[in-house]
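S.K.: Input file: input_22.pdb. Contents: PDB, C-alpha atoms.
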```
MODEL        1
ATOM      1  CA  MET A   1     -18.557  67.503  66.240  1.00  0.00           C
ATOM      2  CA  GLY A   2     -17.202  66.080  69.481  1.00  0.00           C
ATOM      3  CA  SER A   3     -14.610  63.340  69.643  1.00  0.00           C
ATOM      4  CA  GLN A   4     -17.089  60.956  71.266  1.00  0.00           C
ATOM      5  CA  THR A   5     -19.630  61.511  68.487  1.00  0.00           C
ATOM      6  CA  ARG A   6     -16.956  61.015  65.841  1.00  0.00           C
ATOM      7  CA  ALA A   7     -15.784  57.775  67.509  1.00  0.00           C
ATOM      8  CA  ALA A   8     -19.364  56.510  67.715  1.00  0.00           C
ATOM      9  CA  LEU A   9     -19.925  57.256  64.020  1.00  0.00           C
ATOM     10  CA  GLN A  10     -16.707  55.470  63.098  1.00  0.00           C
ATOM     11  CA  LYS A  11     -17.738  52.404  65.106  1.00  0.00           C
ATOM     12  CA  GLN A  12     -21.183  52.426  63.529  1.00  0.00           C
ATOM     13  CA  SER A  13     -19.702  52.783  60.041  1.00  0.00           C
ATOM     14  CA  LEU A  14     -17.305  49.914  60.698  1.00  0.00           C
ATOM     15  CA  LEU A  15     -20.166  47.733  61.926  1.00  0.00           C
ATOM     16  CA  TRP A  16     -22.247  48.480  58.824  1.00  0.00           C
ATOM     17  CA  PHE A  17     -19.271  47.775  56.567  1.00  0.00           C
ATOM     18  CA  PHE A  18     -18.764  44.399  58.266  1.00  0.00           C
ATOM     19  CA  VAL A  19     -22.464  43.455  58.008  1.00  0.00           C
ATOM     20  CA  VAL A  20     -22.737  44.471  54.349  1.00  0.00           C
ATOM     21  CA  SER A  21     -19.512  42.698  53.373  1.00  0.00           C
ATOM     22  CA  GLN A  22     -20.615  39.472  55.047  1.00  0.00           C
ATOM     23  CA  CYS A  23     -24.023  39.641  53.353  1.00  0.00           C
ATOM     24  CA  ALA A  24     -22.328  40.223  50.008  1.00  0.00           C
ATOM     25  CA  LEU A  25     -20.122  37.180  50.513  1.00  0.00           C
ATOM     26  CA  VAL A  26     -23.094  34.959  51.296  1.00  0.00           C
ATOM     27  CA  LEU A  27     -25.335  36.340  48.560  1.00  0.00           C
ATOM     28  CA  SER A  28     -22.650  36.265  45.877  1.00  0.00           C
ATOM     29  CA  CYS A  29     -22.461  32.484  45.880  1.00  0.00           C
ATOM     30  CA  GLN A  30     -26.039  31.675  46.856  1.00  0.00           C
ATOM     31  CA  PRO A  31     -27.410  29.880  43.748  1.00  0.00           C
ATOM     32  CA  ASN A  32     -24.246  27.962  42.850  1.00  0.00           C
ATOM     33  CA  TYR A  33     -23.250  27.037  46.377  1.00  0.00           C
ATOM     34  CA  GLU A  34     -26.632  25.600  47.281  1.00  0.00           C
ATOM     35  CA  TYR A  35     -26.737  23.587  44.052  1.00  0.00           C
ATOM     36  CA  PHE A  36     -23.238  22.139  44.510  1.00  0.00           C
ATOM     37  CA  ILE A  37     -23.650  21.109  48.152  1.00  0.00           C
ATOM     38  CA  GLU A  38     -26.933  19.413  47.270  1.00  0.00           C
ATOM     39  CA  GLU A  39     -25.512  17.610  44.238  1.00  0.00           C
ATOM     40  CA  LEU A  40     -22.006  16.776  45.433  1.00  0.00           C
ATOM     41  CA  CYS A  41     -22.148  16.549  49.207  1.00  0.00           C
ATOM     42  CA  LEU A  42     -25.704  15.452  49.957  1.00  0.00           C
ATOM     43  CA  THR A  43     -25.795  12.849  47.180  1.00  0.00           C
ATOM     44  CA  LYS A  44     -22.719  11.089  48.586  1.00  0.00           C
ATOM     45  CA  PHE A  45     -24.029  11.381  52.145  1.00  0.00           C
ATOM     46  CA  LYS A  46     -27.369   9.832  51.126  1.00  0.00           C
ATOM     47  CA  LEU A  47     -25.582   6.889  49.500  1.00  0.00           C
ATOM     48  CA  ASP A  48     -23.371   6.398  52.559  1.00  0.00           C
ATOM     49  CA  MET A  49     -26.354   6.530  54.917  1.00  0.00           C
ATOM     50  CA  GLN A  50     -28.282   4.039  52.778  1.00  0.00           C
ATOM     51  CA  GLY A  51     -25.311   1.685  53.075  1.00  0.00           C
ATOM     52  CA  LEU A  52     -25.548   1.944  56.872  1.00  0.00           C
ATOM     53  CA  ASP A  53     -28.348   0.076  58.603  1.00  0.00           C
ATOM     54  CA  GLN A  54     -30.987   2.555  59.771  1.00  0.00           C
ATOM     55  CA  ARG A  55     -30.806   1.396  63.402  1.00  0.00           C
ATOM     56  CA  TYR A  56     -27.207   2.723  63.526  1.00  0.00           C
ATOM     57  CA  TRP A  57     -28.089   6.221  62.322  1.00  0.00           C
ATOM     58  CA  CYS A  58     -28.257   7.516  65.914  1.00  0.00           C
ATOM     59  CA  SER A  59     -24.950   5.911  66.872  1.00  0.00           C
ATOM     60  CA  TRP A  60     -22.311   8.629  66.829  1.00  0.00           C
ATOM     61  CA  GLU A  61     -19.514   6.071  66.517  1.00  0.00           C
ATOM     62  CA  ASP A  62     -21.055   4.741  63.294  1.00  0.00           C
ATOM     63  CA  THR A  63     -21.953   8.094  61.693  1.00  0.00           C
ATOM     64  CA  VAL A  64     -19.151  10.412  62.815  1.00  0.00           C
ATOM     65  CA  GLU A  65     -16.999   9.695  59.778  1.00  0.00           C
ATOM     66  CA  LEU A  66     -19.875  10.162  57.319  1.00  0.00           C
ATOM     67  CA  TYR A  67     -20.950  13.377  59.048  1.00  0.00           C
ATOM     68  CA  GLY A  68     -17.376  14.654  59.043  1.00  0.00           C
ATOM     69  CA  GLU A  69     -17.067  13.982  55.311  1.00  0.00           C
ATOM     70  CA  LEU A  70     -20.311  15.890  54.710  1.00  0.00           C
ATOM     71  CA  THR A  71     -19.056  18.848  56.739  1.00  0.00           C
ATOM     72  CA  ASN A  72     -15.699  18.842  54.940  1.00  0.00           C
ATOM     73  CA  CYS A  73     -17.435  18.660  51.574  1.00  0.00           C
ATOM     74  CA  THR A  74     -19.543  21.770  52.305  1.00  0.00           C
ATOM     75  CA  HIS A  75     -16.399  23.562  53.467  1.00  0.00           C
ATOM     76  CA  MET A  76     -14.400  22.587  50.361  1.00  0.00           C
ATOM     77  CA  VAL A  77     -17.198  23.647  48.003  1.00  0.00           C
ATOM     78  CA  ALA A  78     -17.397  26.994  49.795  1.00  0.00           C
ATOM     79  CA  GLY A  79     -13.654  27.418  49.384  1.00  0.00           C
ATOM     80  CA  ARG A  80     -13.780  26.642  45.669  1.00  0.00           C
ATOM     81  CA  LEU A  81     -16.613  29.139  45.117  1.00  0.00           C
ATOM     82  CA  ASP A  82     -15.017  31.811  47.331  1.00  0.00           C
ATOM     83  CA  CYS A  83     -17.959  31.693  49.722  1.00  0.00           C
ATOM     84  CA  TYR A  84     -17.899  32.489  53.395  1.00  0.00           C
ATOM     85  CA  TRP A  85     -18.189  29.324  55.512  1.00  0.00           C
ATOM     86  CA  PRO A  86     -20.198  28.672  57.634  1.00  0.00           C
ATOM     87  CA  ASN A  87     -23.099  30.720  56.377  1.00  0.00           C
ATOM     88  CA  ARG A  88     -26.870  30.750  56.454  1.00  0.00           C
ATOM     89  CA  LEU A  89     -27.140  28.270  53.566  1.00  0.00           C
ATOM     90  CA  VAL A  90     -24.902  25.778  55.366  1.00  0.00           C
ATOM     91  CA  ASP A  91     -26.976  26.134  58.525  1.00  0.00           C
ATOM     92  CA  GLU A  92     -30.203  25.513  56.631  1.00  0.00           C
ATOM     93  CA  PHE A  93     -28.609  22.593  54.792  1.00  0.00           C
ATOM     94  CA  PHE A  94     -27.550  20.872  58.020  1.00  0.00           C
ATOM     95  CA  ILE A  95     -30.949  21.508  59.611  1.00  0.00           C
ATOM     96  CA  ARG A  96     -32.550  19.677  56.677  1.00  0.00           C
ATOM     97  CA  VAL A  97     -30.036  16.821  57.022  1.00  0.00           C
ATOM     98  CA  HIS A  98     -30.765  16.514  60.744  1.00  0.00           C
ATOM     99  CA  LYS A  99     -34.528  16.566  60.184  1.00  0.00           C
ATOM    100  CA  GLN A 100     -34.244  13.802  57.629  1.00  0.00           C
ATOM    101  CA  TYR A 101     -31.674  11.492  59.230  1.00  0.00           C
ATOM    102  CA  PHE A 102     -31.350  12.303  62.933  1.00  0.00           C
ATOM    103  CA  HIS A 103     -34.837  13.418  64.019  1.00  0.00           C
ATOM    104  CA  ASP A 104     -35.382  10.391  66.306  1.00  0.00           C
ATOM    105  CA  CYS A 105     -31.980  10.605  68.010  1.00  0.00           C
ATOM    106  CA  SER A 106     -31.343  11.828  71.523  1.00  0.00           C
ATOM    107  CA  MET A 107     -29.963  15.328  72.092  1.00  0.00           C
ATOM    108  CA  SER A 108     -26.428  14.005  72.601  1.00  0.00           C
ATOM    109  CA  GLY A 109     -26.577  12.127  69.307  1.00  0.00           C
ATOM    110  CA  ARG A 110     -25.705   8.836  70.974  1.00  0.00           C
ATOM    111  CA  LEU A 111     -27.768   5.819  71.810  1.00  0.00           C
ATOM    112  CA  LEU A 112     -28.731   5.844  75.465  1.00  0.00           C
ATOM    113  CA  ARG A 113     -27.322   2.918  77.425  1.00  0.00           C
ATOM    114  CA  ASP A 114     -25.799   2.166  80.808  1.00  0.00           C
ATOM    115  CA  PRO A 115     -22.073   2.674  81.231  1.00  0.00           C
ATOM    116  CA  PRO A 116     -19.890  -0.447  81.510  1.00  0.00           C
ATOM    117  CA  ASN A 117     -19.709  -2.205  84.878  1.00  0.00           C
ATOM    118  CA  ARG A 118     -16.085  -1.151  85.426  1.00  0.00           C
ATOM    119  CA  ILE A 119     -17.282   2.467  85.499  1.00  0.00           C
ATOM    120  CA  LEU A 120     -20.662   1.939  87.132  1.00  0.00           C
ATOM    121  CA  GLY A 121     -19.372  -0.419  89.866  1.00  0.00           C
ATOM    122  CA  PRO A 122     -17.347   2.094  91.901  1.00  0.00           C
ATOM    123  CA  PHE A 123     -20.263   4.551  91.888  1.00  0.00           C
ATOM    124  CA  ILE A 124     -22.410   1.874  93.524  1.00  0.00           C
ATOM    125  CA  VAL A 125     -19.902   0.130  95.821  1.00  0.00           C
ATOM    126  CA  VAL A 126     -18.120   3.159  97.334  1.00  0.00           C
ATOM    127  CA  PRO A 127     -21.239   4.844  98.811  1.00  0.00           C
ATOM    128  CA  ILE A 128     -22.404   1.502 100.248  1.00  0.00           C
ATOM    129  CA  LEU A 129     -19.013   0.898 101.897  1.00  0.00           C
ATOM    130  CA  VAL A 130     -18.868   4.455 103.278  1.00  0.00           C
ATOM    131  CA  THR A 131     -22.379   4.060 104.725  1.00  0.00           C
ATOM    132  CA  LEU A 132     -21.484   0.757 106.374  1.00  0.00           C
ATOM    133  CA  LEU A 133     -18.220   2.164 107.727  1.00  0.00           C
ATOM    134  CA  MET A 134     -19.930   5.238 109.203  1.00  0.00           C
ATOM    135  CA  THR A 135     -22.640   3.063 110.775  1.00  0.00           C
ATOM    136  CA  ALA A 136     -20.039   0.778 112.334  1.00  0.00           C
ATOM    137  CA  LEU A 137     -18.091   3.804 113.615  1.00  0.00           C
ATOM    138  CA  VAL A 138     -21.199   5.316 115.240  1.00  0.00           C
ATOM    139  CA  VAL A 139     -22.163   2.001 116.878  1.00  0.00           C
ATOM    140  CA  TRP A 140     -18.598   1.403 118.117  1.00  0.00           C
ATOM    141  CA  ARG A 141     -18.345   4.941 119.493  1.00  0.00           C
ATOM    142  CA  SER A 142     -21.720   4.732 121.247  1.00  0.00           C
ATOM    143  CA  LYS A 143     -20.701   1.531 123.088  1.00  0.00           C
ATOM    144  CA  ARG A 144     -17.639   3.248 124.527  1.00  0.00           C
ATOM    145  CA  SER A 145     -19.000   5.319 127.351  1.00  0.00           C
ATOM    146  CA  GLU A 146     -15.641   6.344 128.750  1.00  0.00           C
ATOM    147  CA  GLY A 147     -15.106  10.089 129.029  1.00  0.00           C
ATOM    148  CA  ILE A 148     -18.750  10.933 128.458  1.00  0.00           C
ATOM    149  CA  VAL A 149     -20.184  13.023 131.265  1.00  0.00           C
TER
ENDMDL
END
```
Please express what this file holds, its structure, as structure tokens.
M.R.:
Amino acid sequence: MGSQTRAALQKQSLLWFFVVSQCALVLSCQPNYEYFIEELCLTKFKLDMQGLDQRYWCSWEDTVELYGELTNCTHMVAGRLDCYWPNRLVDEFFIRVHKQYFHDCSMSGRLLRDPPNRILGPFIVVPILVTLLMTALVVWRSKRSEGIV
């Protein structure tokens, strides 16, 4: 067997070992982990979201703390059960949470609104001033006919 073939087999074996070990980690805690994140984490998140007025659900400033607590809870439960985190169950869990609570929100997760005037003002005023300045410069230069042949 050549050295290249041996190296390829070693790489393939290492890849399979990694895939199987990760699957074993996820599958070993599957029934308990899913139960605990539903009962412990989601129950608290539901109560917190019910305490928040529904029109603020899409406001990142109002939900970031609740969402962070939910994420931390899933991570802590995974740590207690010796589960790999994040995993497929966590992904599916958060997809369900987003479908239930954040399905009407924009992609950025924030309410769409204009920026404050202190930010928007310069973006409006500066181009207008530059346009007026360039127009005045062109008119002034065209009235001076000296040196033009």
S.K.: Excluding Leu66 of chain A and residues on its chain fewer than 2 positions from it, collect all residues at most 8 Å away from it, counting only C-alpha atoms, and give them as a ChimeraX atom specification.
M.R.: /A:45,48-49,63-64,68-70
S.K.: Convert the current residue selection to file output with C-alpha atoms, as an mmCIF file, keeping the file's coordinate frame.
M.R.:
```
data_model
loop_
_atom_site.group_PDB
_atom_site.id
_atom_site.type_symbol
_atom_site.label_atom_id
_atom_site.label_comp_id
_atom_site.auth_asym_id
_atom_site.auth_seq_id
_atom_site.Cartn_x
_atom_site.Cartn_y
_atom_site.Cartn_z
ATOM 1 C CA PHE A 45 -24.029 11.381 52.145
ATOM 2 C CA ASP A 48 -23.371 6.398 52.559
ATOM 3 C CA MET A 49 -26.354 6.530 54.917
ATOM 4 C CA THR A 63 -21.953 8.094 61.693
ATOM 5 C CA VAL A 64 -19.151 10.412 62.815
ATOM 6 C CA GLY A 68 -17.376 14.654 59.043
ATOM 7 C CA GLU A 69 -17.067 13.982 55.311
ATOM 8 C CA LEU A 70 -20.311 15.890 54.710
#
```
S.K.: Between A:Cys105, A:Leu40, A:Ile95, A:Leu52, which has the minimum distance to His75 of chain A (counting all atoms listed in the file)?
M.R.: A:Leu40
S.K.: Provide the atom CA of Met76 of chain A to atom CA of Asn32 of chain A distance in Å, to one decimal place.
M.R.: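 So the two atoms, atom CA of Met76 of chain A and atom CA of Asn32 of chain A, lie 13.5 Å apart.
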S.K.: Identify, on the basis of all atoms listed in the file, every residue whose closest approach to Ile37 of chain A does not exceed 9 Å; exclude the query and any residue fewer than 2 positions from it along the same chain; express the result as a ChimeraX atom specification.
M.R.: /A:32-35,39-43,73-74,77-78,90,93
S.K.: Atom CA of Trp60 of chain A to atom CA of Val97 of chain A: how many Å, to one decimal?
M.R.: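 Separation of atom CA of Trp60 of chain A and atom CA of Val97 of chain A: 14.9 Å.
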S.K.: Can you tell me how far atom CA of Pro122 of chain A sits from atom CA of Cys58 of chain A, in Å to one decimal?
M.R.: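 Pair atom CA of Pro122 of chain A / atom CA of Cys58 of chain A returns 28.7 Å.
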S.K.: Identify which of the residues A:Gly79, A:Gln54, A:Arg88, A:Asp104 lies closest to Phe36 of chain A, counting only C-alpha atoms when measuring atom-to-atom distances.
M.R.: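 Looking at the shortest contact to Phe36 of chain A, the residue is A:Gly79.
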